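Asker: Got query-v3.csv for you, CSV, C-alpha atoms:
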```
chain,number,residue,atom,x,y,z
S,295,MET,CA,-65.7,56.5,-195.4
S,296,ASP,CA,-65.5,53.9,-198.3
S,297,MET,CA,-67.6,51.1,-196.7
S,298,VAL,CA,-68.4,47.4,-197.3
S,299,PHE,CA,-71.3,45.7,-195.6
S,300,ASP,CA,-72.9,42.3,-195.0
S,301,ASN,CA,-76.2,41.7,-193.2
S,302,TYR,CA,-74.6,42.3,-189.8
S,303,ASN,CA,-71.3,44.1,-190.1
S,304,TYR,CA,-69.5,47.0,-191.7
S,305,PHE,CA,-65.9,47.9,-192.5
S,306,GLY,CA,-64.8,51.3,-193.9
S,307,VAL,CA,-61.6,53.2,-194.8
S,308,SER,CA,-61.0,56.8,-195.5
S,309,THR,CA,-59.4,55.9,-198.9
S,310,ARG,CA,-58.7,52.9,-201.0
S,311,ASN,CA,-55.9,54.8,-202.9
S,312,VAL,CA,-52.8,55.8,-201.0
S,313,ARG,CA,-50.3,58.1,-202.7
S,314,LEU,CA,-47.1,58.9,-200.8
S,315,LEU,CA,-44.6,61.7,-201.6
S,316,TYR,CA,-41.4,61.1,-203.4
S,317,ARG,CA,-39.3,61.2,-200.3
S,318,ALA,CA,-38.2,58.3,-198.1
S,319,GLY,CA,-40.0,58.5,-194.8
S,320,SER,CA,-43.2,60.1,-196.2
S,321,THR,CA,-46.4,58.7,-194.6
S,322,GLU,CA,-50.1,58.6,-195.1
S,323,SER,CA,-52.7,57.5,-192.6
S,324,ILE,CA,-56.0,55.6,-193.4
S,325,SER,CA,-58.8,56.0,-190.9
S,326,VAL,CA,-60.8,52.8,-190.2
S,327,ASP,CA,-64.4,52.5,-189.0
S,328,THR,CA,-65.9,49.1,-188.2
S,329,ASN,CA,-68.0,47.2,-185.7
S,330,LEU,CA,-65.7,44.2,-185.8
S,331,ASP,CA,-63.2,43.6,-183.0
S,332,THR,CA,-60.3,42.8,-185.3
S,333,TYR,CA,-59.2,42.4,-189.0
S,334,THR,CA,-56.1,41.2,-190.9
S,335,ALA,CA,-54.1,42.8,-193.7
S,336,TYR,CA,-52.3,40.9,-196.5
S,337,TRP,CA,-50.1,41.9,-199.4
S,338,SER,CA,-52.0,41.0,-202.6
S,339,ASN,CA,-52.5,41.9,-206.2
S,340,ALA,CA,-55.0,44.4,-207.7
S,341,ASP,CA,-57.7,41.7,-207.7
S,342,GLY,CA,-57.3,40.9,-204.0
S,343,ASN,CA,-55.5,37.6,-204.6
S,344,ILE,CA,-53.4,37.2,-201.4
S,345,ASP,CA,-49.6,36.6,-201.4
S,346,GLU,CA,-49.5,33.9,-198.8
S,347,GLU,CA,-45.7,34.0,-198.6
S,348,ALA,CA,-45.6,37.7,-197.7
S,349,GLY,CA,-47.2,37.2,-194.3
S,350,SER,CA,-50.0,39.1,-192.7
S,351,ILE,CA,-50.6,41.5,-189.8
S,352,THR,CA,-53.4,42.4,-187.4
S,353,LEU,CA,-53.9,45.0,-184.7
S,354,GLY,CA,-50.7,46.5,-183.2
S,355,GLU,CA,-48.4,45.0,-185.9
S,356,ASP,CA,-46.5,46.1,-189.0
S,357,PHE,CA,-44.9,44.5,-192.1
S,358,ASN,CA,-43.0,45.5,-195.2
S,359,ASP,CA,-43.9,44.5,-198.8
S,360,PRO,CA,-41.7,41.8,-200.3
S,361,ASP,CA,-39.5,44.5,-202.1
S,362,SER,CA,-39.2,46.6,-198.9
S,363,ILE,CA,-40.6,49.7,-200.7
S,364,PHE,CA,-43.5,50.3,-198.2
S,365,GLN,CA,-44.3,49.5,-194.6
S,366,VAL,CA,-47.9,49.1,-193.4
S,367,ALA,CA,-48.7,49.3,-189.7
S,368,ILE,CA,-52.1,48.9,-187.9
S,369,SER,CA,-52.6,50.8,-184.6
S,370,ASP,CA,-53.3,48.9,-181.4
S,371,ASP,CA,-57.0,49.8,-181.5
S,372,GLY,CA,-57.3,49.2,-185.3
S,373,THR,CA,-58.6,52.7,-186.0
S,374,VAL,CA,-55.6,53.8,-188.1
S,375,ILE,CA,-53.5,52.1,-190.8
S,376,THR,CA,-50.2,53.9,-191.5
S,377,VAL,CA,-48.3,53.5,-194.7
S,378,THR,CA,-44.7,54.6,-194.9
S,379,ALA,CA,-42.3,54.9,-197.9
S,380,LEU,CA,-39.1,53.1,-197.0
S,381,ARG,CA,-37.1,54.4,-200.0
S,382,PRO,CA,-37.2,57.4,-202.3
S,383,TYR,CA,-39.2,56.8,-205.5
S,384,ASP,CA,-37.3,55.0,-208.2
S,385,GLU,CA,-38.5,54.3,-211.8
S,386,SER,CA,-37.6,50.7,-211.4
S,387,PHE,CA,-40.3,50.2,-208.8
S,388,ASP,CA,-43.3,48.1,-210.0
S,389,LEU,CA,-46.1,50.2,-208.6
S,390,PRO,CA,-48.7,50.3,-207.2
S,391,GLU,CA,-48.5,47.7,-204.4
S,392,TYR,CA,-51.7,46.4,-202.9
S,393,ILE,CA,-53.0,45.3,-199.5
S,394,THR,CA,-56.2,43.4,-199.0
S,395,ILE,CA,-58.1,43.7,-195.7
S,396,ILE,CA,-60.2,40.8,-194.5
S,397,ALA,CA,-62.6,41.5,-191.6
S,398,GLY,CA,-64.9,38.6,-190.9
S,399,ARG,CA,-66.7,38.0,-194.2
S,400,LEU,CA,-65.9,41.5,-195.5
S,401,GLU,CA,-63.0,42.3,-197.8
S,402,LEU,CA,-61.5,45.3,-199.5
S,403,THR,CA,-58.3,46.1,-201.4
S,404,ILE,CA,-56.2,49.3,-201.0
S,405,SER,CA,-53.6,50.5,-203.6
S,406,ILE,CA,-50.3,52.1,-202.5
S,407,THR,CA,-48.2,54.2,-204.9
S,408,GLN,CA,-45.5,56.9,-204.6
S,409,GLY,CA,-45.1,60.2,-206.4
S,410,THR,CA,-42.4,60.7,-209.0
S,411,PRO,CA,-40.1,63.7,-208.7
S,412,VAL,CA,-42.1,66.7,-210.0
S,413,TYR,CA,-40.5,70.0,-210.7
S,414,ARG,CA,-42.5,73.1,-211.3
S,415,GLY,CA,-41.1,75.0,-214.2
S,416,ASP,CA,-42.6,78.3,-213.1
S,417,THR,CA,-41.0,78.3,-209.7
S,418,ALA,CA,-37.5,79.5,-208.6
S,419,ILE,CA,-35.6,78.3,-205.6
S,420,ASN,CA,-34.1,81.0,-203.3
S,421,LEU,CA,-30.8,80.1,-201.7
S,422,TYR,CA,-29.2,82.2,-199.0
S,423,GLY,CA,-25.6,81.8,-197.8
S,424,PRO,CA,-24.4,84.5,-195.5
S,425,ALA,CA,-21.0,86.1,-196.5
S,426,THR,CA,-18.1,84.9,-194.3
S,427,GLY,CA,-15.0,85.2,-196.5
S,428,GLU,CA,-14.7,81.4,-196.1
S,429,LEU,CA,-16.6,78.4,-197.3
S,430,GLY,CA,-20.0,79.4,-198.6
S,431,SER,CA,-19.4,82.9,-200.0
S,432,LEU,CA,-21.5,82.5,-203.1
S,433,GLY,CA,-21.8,85.9,-204.7
S,434,ASN,CA,-25.1,87.8,-205.0
S,435,TYR,CA,-27.4,86.9,-208.0
S,436,VAL,CA,-30.7,88.3,-206.7
S,437,LEU,CA,-32.4,91.2,-208.5
S,438,GLY,CA,-30.3,90.8,-211.6
S,439,THR,CA,-27.0,91.6,-210.0
S,440,THR,CA,-23.8,89.8,-211.1
S,441,VAL,CA,-21.4,90.0,-208.2
S,442,ALA,CA,-18.7,87.4,-208.8
S,443,PRO,CA,-18.7,84.4,-206.4
S,444,ASN,CA,-15.9,83.6,-204.1
S,445,GLN,CA,-12.9,82.0,-205.9
S,446,ARG,CA,-13.4,78.8,-203.9
S,447,THR,CA,-17.1,78.4,-205.0
S,448,ARG,CA,-17.1,79.7,-208.5
S,449,ALA,CA,-17.6,76.3,-210.0
S,450,TYR,CA,-20.5,75.6,-207.6
S,451,VAL,CA,-22.3,78.8,-208.5
S,452,ALA,CA,-21.8,78.2,-212.2
S,453,MET,CA,-23.4,74.7,-211.8
S,454,LEU,CA,-26.5,76.1,-210.0
S,455,ARG,CA,-26.9,79.0,-212.5
S,456,GLU,CA,-26.6,76.9,-215.6
S,457,THR,CA,-30.2,76.6,-217.0
S,458,GLY,CA,-29.3,73.2,-218.6
S,459,ASN,CA,-28.9,71.9,-215.0
S,460,PHE,CA,-31.4,74.0,-213.0
S,461,GLY,CA,-33.6,75.9,-215.3
S,462,PRO,CA,-36.5,75.8,-217.9
S,463,GLY,CA,-36.0,72.6,-219.8
S,464,GLY,CA,-33.0,71.6,-217.7
S,465,ARG,CA,-32.6,68.3,-215.9
S,466,ALA,CA,-34.3,70.0,-213.0
S,467,ASP,CA,-37.0,71.9,-214.9
S,468,ILE,CA,-37.5,74.9,-212.7
S,469,GLU,CA,-37.4,78.7,-213.3
S,470,GLY,CA,-33.9,78.7,-211.7
S,471,ILE,CA,-32.0,79.1,-208.4
S,472,ASN,CA,-31.6,82.6,-207.0
S,473,ILE,CA,-28.4,82.7,-205.0
S,474,SER,CA,-28.0,85.5,-202.4
S,475,ASP,CA,-24.8,86.0,-200.4
S,476,LEU,CA,-25.3,89.3,-198.7
S,477,SER,CA,-22.3,91.5,-197.7
S,478,SER,CA,-23.1,91.4,-194.0
S,479,THR,CA,-21.4,88.9,-191.7
S,480,THR,CA,-23.9,89.4,-188.8
S,481,THR,CA,-25.0,86.3,-186.9
S,482,SER,CA,-28.6,87.5,-186.4
S,483,TYR,CA,-31.1,87.9,-189.3
S,484,PRO,CA,-34.7,89.2,-189.0
S,485,ALA,CA,-37.3,86.5,-189.6
S,486,VAL,CA,-38.8,88.7,-192.3
S,487,LEU,CA,-35.5,88.3,-194.3
S,488,LEU,CA,-35.1,84.6,-193.8
S,489,SER,CA,-38.8,84.0,-194.8
S,490,LEU,CA,-37.8,84.9,-198.4
S,491,TYR,CA,-35.6,81.8,-198.7
S,492,ASP,CA,-36.3,78.2,-199.3
S,493,VAL,CA,-32.7,77.0,-198.6
S,494,LEU,CA,-30.4,78.4,-196.0
S,495,TYR,CA,-26.7,77.5,-196.0
S,496,CYS,CA,-25.0,78.2,-192.6
S,497,PRO,CA,-21.3,78.1,-193.7
S,498,TYR,CA,-17.9,78.2,-192.0
S,499,PRO,CA,-17.5,80.0,-189.6
S,500,TYR,CA,-21.1,81.4,-189.4
S,501,ASN,CA,-22.2,80.8,-185.8
S,502,PRO,CA,-25.8,82.2,-186.2
S,503,ASP,CA,-28.4,82.6,-183.5
S,504,PRO,CA,-29.8,79.0,-183.4
S,505,GLY,CA,-33.3,80.1,-182.3
S,506,THR,CA,-33.8,82.2,-185.5
S,507,ILE,CA,-32.5,79.4,-187.8
S,508,ILE,CA,-34.6,76.6,-186.1
S,509,ALA,CA,-37.7,78.8,-186.2
S,510,TRP,CA,-37.2,79.5,-189.9
S,511,HIS,CA,-36.7,75.8,-190.7
S,512,GLU,CA,-39.7,74.6,-188.7
S,513,ALA,CA,-42.0,77.3,-190.1
S,514,SER,CA,-42.4,75.2,-193.3
S,515,SER,CA,-42.0,71.5,-194.1
S,516,ASN,CA,-40.5,72.3,-197.4
S,517,ARG,CA,-37.4,74.3,-196.3
S,518,VAL,CA,-33.9,72.8,-196.4
S,519,LEU,CA,-31.1,73.7,-194.0
S,520,ILE,CA,-27.5,73.1,-194.8
S,521,ALA,CA,-25.6,73.1,-191.6
S,522,HIS,CA,-21.8,73.3,-191.7
S,523,TYR,CA,-19.6,71.9,-188.9
S,524,ASP,CA,-15.8,71.8,-188.5
S,525,ASN,CA,-13.9,73.0,-185.4
S,526,LEU,CA,-15.9,73.2,-182.2
S,527,SER,CA,-16.7,76.9,-182.6
S,528,THR,CA,-18.3,76.4,-186.1
S,529,ASN,CA,-22.1,76.5,-185.7
S,530,SER,CA,-21.7,74.7,-182.4
S,531,ASP,CA,-24.8,76.3,-180.9
S,532,LEU,CA,-26.9,75.5,-184.1
S,533,MET,CA,-25.7,71.9,-184.1
S,534,ALA,CA,-26.5,71.6,-180.4
S,535,ALA,CA,-30.0,73.0,-181.1
S,536,LEU,CA,-30.4,70.3,-183.8
S,537,GLY,CA,-29.4,67.7,-181.2
S,538,VAL,CA,-26.4,66.5,-183.2
S,539,ALA,CA,-23.0,66.1,-181.6
S,540,TYR,CA,-19.8,66.3,-183.6
S,541,THR,CA,-16.1,65.9,-182.7
S,542,TYR,CA,-12.9,67.6,-183.8
S,543,PRO,CA,-10.1,65.2,-183.0
S,544,VAL,CA,-6.4,66.2,-183.0
S,545,PRO,CA,-5.2,65.6,-186.5
S,546,SER,CA,-2.7,62.9,-187.2
S,547,GLY,CA,-1.2,61.4,-190.4
S,548,GLN,CA,-1.3,62.8,-193.9
S,549,ILE,CA,-4.2,64.2,-195.7
S,550,GLN,CA,-6.4,61.6,-197.5
S,551,PRO,CA,-9.5,62.1,-199.6
S,552,TYR,CA,-13.0,61.6,-198.2
S,553,THR,CA,-14.8,58.6,-199.7
S,554,LEU,CA,-18.3,57.9,-200.7
S,555,THR,CA,-20.0,55.4,-198.4
S,556,THR,CA,-21.1,52.2,-199.9
S,557,ASN,CA,-24.7,52.7,-198.7
S,558,ALA,CA,-25.0,56.3,-199.9
S,559,PRO,CA,-28.7,57.2,-200.6
S,560,ASP,CA,-30.1,56.4,-204.1
S,561,PHE,CA,-30.7,60.0,-205.0
S,562,ILE,CA,-27.0,60.7,-204.7
S,563,THR,CA,-25.6,57.5,-206.4
S,564,ASN,CA,-28.2,57.3,-209.2
S,565,GLY,CA,-29.9,60.7,-209.5
S,566,PRO,CA,-31.1,62.7,-212.5
S,567,PHE,CA,-27.6,64.1,-213.2
S,568,GLY,CA,-26.0,60.6,-213.4
S,569,VAL,CA,-24.4,57.8,-211.5
S,570,VAL,CA,-21.8,58.2,-208.7
S,571,ASP,CA,-20.1,55.0,-207.7
S,572,ASN,CA,-18.2,54.1,-204.6
S,573,THR,CA,-14.8,54.9,-206.2
S,574,LEU,CA,-15.5,58.6,-205.7
S,575,GLN,CA,-13.0,60.5,-203.6
S,576,TYR,CA,-13.7,64.0,-202.5
S,577,ARG,CA,-11.3,66.8,-201.6
S,578,VAL,CA,-10.0,67.2,-198.1
S,579,TYR,CA,-9.0,70.8,-197.3
S,580,ASP,CA,-6.8,70.1,-194.4
S,581,ASN,CA,-6.1,67.2,-192.1
S,582,ALA,CA,-8.3,68.5,-189.2
S,583,PHE,CA,-12.1,68.3,-189.7
S,584,GLY,CA,-15.2,67.9,-187.7
S,585,ARG,CA,-17.1,64.6,-188.0
S,586,ILE,CA,-20.3,63.0,-186.9
S,587,SER,CA,-20.0,59.5,-185.6
S,588,LEU,CA,-22.0,56.7,-187.4
S,589,GLU,CA,-23.8,56.0,-184.1
S,590,GLU,CA,-24.7,59.7,-183.7
S,591,ALA,CA,-25.9,59.8,-187.3
S,592,ALA,CA,-28.1,56.7,-186.8
S,593,ALA,CA,-29.7,58.2,-183.7
S,594,ASN,CA,-30.6,61.4,-185.6
S,595,ASN,CA,-31.9,60.0,-188.9
S,596,ILE,CA,-28.8,61.1,-190.8
S,597,THR,CA,-27.9,59.0,-193.9
S,598,PRO,CA,-24.1,59.0,-194.5
S,599,VAL,CA,-22.8,60.2,-197.9
S,600,LEU,CA,-19.1,61.0,-197.5
S,601,LEU,CA,-16.9,59.4,-194.8
S,602,THR,CA,-13.6,60.5,-193.1
S,603,PRO,CA,-10.5,58.7,-194.4
S,604,ASP,CA,-10.6,56.2,-191.6
S,605,GLY,CA,-14.3,55.5,-192.3
S,606,GLY,CA,-15.4,56.2,-188.8
S,607,GLY,CA,-17.0,59.6,-189.2
S,608,ILE,CA,-19.4,61.5,-191.5
S,609,VAL,CA,-18.4,64.7,-193.2
S,610,LEU,CA,-21.5,64.8,-195.5
S,611,GLY,CA,-24.9,63.4,-194.4
S,612,VAL,CA,-28.5,64.0,-195.1
S,613,ASP,CA,-31.6,63.9,-192.9
S,614,LYS,CA,-34.0,63.0,-195.7
S,615,LEU,CA,-37.1,63.2,-193.5
S,616,ASN,CA,-36.6,66.7,-192.1
S,617,GLY,CA,-34.7,68.4,-195.0
S,618,ILE,CA,-31.3,68.9,-193.4
S,619,VAL,CA,-27.9,68.5,-195.0
S,620,TYR,CA,-25.0,68.2,-192.6
S,621,CYS,CA,-21.8,69.4,-194.3
S,622,GLY,CA,-18.3,69.1,-192.7
S,623,ASP,CA,-15.1,70.7,-193.8
S,624,ILE,CA,-15.1,69.0,-197.1
S,625,ASP,CA,-15.0,72.0,-199.4
S,626,LEU,CA,-18.3,70.8,-200.8
S,627,TYR,CA,-18.5,73.7,-203.3
S,628,ASN,CA,-14.8,73.9,-204.1
S,629,TYR,CA,-13.1,73.5,-207.5
S,630,GLN,CA,-10.3,70.9,-207.9
S,631,ILE,CA,-6.9,72.1,-206.8
S,632,ASN,CA,-3.9,70.3,-208.1
S,633,SER,CA,-4.5,66.6,-207.5
S,634,ASN,CA,-7.0,67.1,-204.7
S,635,PRO,CA,-10.4,65.8,-205.8
S,636,GLY,CA,-13.1,68.4,-206.1
S,637,ILE,CA,-15.7,69.7,-208.5
S,638,THR,CA,-14.3,70.9,-211.8
S,639,ILE,CA,-17.1,72.8,-213.5
S,640,PRO,CA,-16.1,75.4,-216.1
S,641,GLU,CA,-18.0,78.7,-216.2
S,642,SER,CA,-20.5,77.0,-218.6
S,643,GLY,CA,-21.8,75.0,-215.7
S,644,SER,CA,-21.4,71.7,-217.4
S,645,LEU,CA,-20.7,68.7,-215.2
S,646,SER,CA,-17.2,67.3,-215.7
S,647,ASN,CA,-16.5,64.7,-213.0
S,648,GLN,CA,-18.1,62.5,-210.4
S,649,ALA,CA,-17.7,65.1,-207.7
S,650,ALA,CA,-19.8,67.5,-209.7
S,651,VAL,CA,-22.5,64.9,-210.4
S,652,LEU,CA,-22.7,64.1,-206.7
S,653,LEU,CA,-23.3,67.8,-205.9
S,654,ALA,CA,-25.9,68.2,-208.7
S,655,ASN,CA,-27.8,65.1,-207.6
S,656,LEU,CA,-27.8,66.4,-204.0
S,657,TRP,CA,-29.3,69.7,-205.3
S,658,ALA,CA,-31.9,67.8,-207.4
S,659,TRP,CA,-33.0,66.2,-204.1
S,660,ILE,CA,-33.0,69.6,-202.4
S,661,VAL,CA,-35.1,71.1,-205.2
S,662,ASN,CA,-37.6,68.2,-204.9
S,663,PHE,CA,-37.8,68.6,-201.2
S,664,VAL,CA,-38.6,72.3,-201.5
S,665,LEU,CA,-41.2,72.0,-204.4
S,666,LEU,CA,-43.0,68.7,-203.8
S,667,GLU,CA,-46.4,69.1,-202.1
```
Would you kindly transcribe this structure into structure tokens?

Answerer:
Amino acid sequence: MDMVFDNYNYFGVSTRNVRLLYRAGSTESISVDTNLDTYTAYWSNADGNIDEEAGSITLGEDFNDPDSIFQVAISDDGTVITVTALRPYDESFDLPEYITIIAGRLELTISITQGTPVYRGDTAINLYGPATGELGSLGNYVLGTTVAPNQRTRAYVAMLRETGNFGPGGRADIEGINISDLSSTTTSYPAVLLSLYDVLYCPYPYNPDPGTIIAWHEASSNRVLIAHYDNLSTNSDLMAALGVAYTYPVPSGQIQPYTLTTNAPDFITNGPFGVVDNTLQYRVYDNAFGRISLEEAAANNITPVLLTPDGGGIVLGVDKLNGIVYCGDIDLYNYQINSNPGITIPESGSLSNQAAVLLANLWAWIVNFVLLE
């Protein structure tokens, strides 16, 4: 413990320097040891000068810093101080922030900062998307093979394999992304096979054994699951195992594009591949599509990204804390057809429209989730 003393009392913490991960929702706990019954925390500067207008907390309470970047909470018995990142790291943040603890005549200051996105240039990401003949058939690029991707996903595969995007010296400076789409359409895969992969895409109409998939996801805090949902037979058991309900209403009206929600997460709207604004419209494949309600999303820690044409349902959302991407029937990886919005990436893999930037920013977040320690 890092202790301060006077003639009669002591107060100690396990660290005076808290560093949170890049992700929103990341937490760190500070252990407290003292012979005093209570103490008070204040937001301050590095010298311990208290910001009186920012308020204070004591045992059993919590507060946010004035910029709502971090939350600090003290346990009821005062033995633990928990610090939580409220937002993903952004270069515009003026960090570190500081809290000063006053306990009787004792005082100490704790710094709080957050890690920047750190890619590891010597590490590759392994993506697995089981072959279905439908959405998600990616082609097999493991072990040097060059099987062509499905026509619907050729632009997506080109984007991920372009080293200027995801490669040494690229915007995401990693060794690359290995894409595997095996020829089998079985719904049950041995754990030893899945253990090779960092990201698993369960496409339409996959319907895997949910126990195997959940066990794979929970075996590591750095794995990302992309769960597709559409009609009520698409991955319904997996969605139920994740505790997320979705609906498939009877279609009505003409096909309209999906739209970017105005409160889409920062890593989508202003990520390393560029800015995506709320004028983005994304391709609808047909006028019948599964959707997660806004209420259901809020109850399951899902941040909306793309909404149904009526604005009432989610067809793309991200559980930032647990590393899950919920993907509806949005042709997320599809090239543009006629006037329908979609990604338009040539074989070079360059990004040519906002839909492509959205997808690249999403994958930059996925890469960070996998690689950050």

Asker: Taking all atoms listed in the file into account, name the residue in S:Ala397, S:Thr378, S:Asp359, S:Ala318 that is nearest to S:Asp300.

Answerer: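 Nearest candidate to S:Asp300 out of S:Ala397, S:Thr378, S:Asp359, S:Ala318: S:Ala397.
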
Asker: S:Asn594: which residues within 9 Å, counting only C-alpha atoms, same-chain residues fewer than 6 positions away excluded, as a ChimeraX atom specification?

Answerer: /S:537-538,613

Asker: Find, counting all atoms listed in the file, the residue in S:Thr309, S:Thr332, S:Ser323, S:Asn655 that gets nearest to S:Gly565.

Answerer: S:Asn655

Asker: Which residue is closest to S:Val661? Choose from S:Glu385, S:Asp331, S:Asp492, S:Asp361 and count all atoms listed in the file.

Answerer: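 Of all the options, S:Asp492 lies closest to S:Val661.
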
Asker: Under the rule that all atoms listed in the file are counted, which of S:Ser474, S:Asn303, S:Ser489, S:Thr328 is the nearest residue to S:Ala513?

Answerer: S:Ser489

Asker: Could you tell me which of S:Pro559, S:Pro504, S:Pro390, S:Pro551 comes closest to S:Val609 if we count only C-alpha atoms?

Answerer: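 Between S:Pro559, S:Pro504, S:Pro390, S:Pro551, the residue approaching S:Val609 most closely is S:Pro551.
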
Asker: Enumerate, as a PDB file with C-alpha atoms, in the frame of the given file, the protein, DNA and RNA residues whose atoms approach (-66.5, 49.4, -197.8) to within 7 Å, taking into account only C-alpha atoms and the coordinate frame of the file.

Answerer:
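Result file point02.pdb:
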```
ATOM      1  CA  ASP S 296     -65.500  53.900-198.300  1.00  0.00           C
ATOM      2  CA  MET S 297     -67.600  51.100-196.700  1.00  0.00           C
ATOM      3  CA  VAL S 298     -68.400  47.400-197.300  1.00  0.00           C
ATOM      4  CA  PHE S 299     -71.300  45.700-195.600  1.00  0.00           C
ATOM      5  CA  PHE S 305     -65.900  47.900-192.500  1.00  0.00           C
ATOM      6  CA  GLY S 306     -64.800  51.300-193.900  1.00  0.00           C
ATOM      7  CA  VAL S 307     -61.600  53.200-194.800  1.00  0.00           C
ATOM      8  CA  LEU S 402     -61.500  45.300-199.500  1.00  0.00           C
TER       9      LEU S 402
END
```

Asker: What's the separation between atom CA of S:Gly568 and atom CA of S:Asp467, in Å to one decimal place?

Answerer: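 Going from atom CA of S:Gly568 over to atom CA of S:Asp467, I get 15.8 Å.
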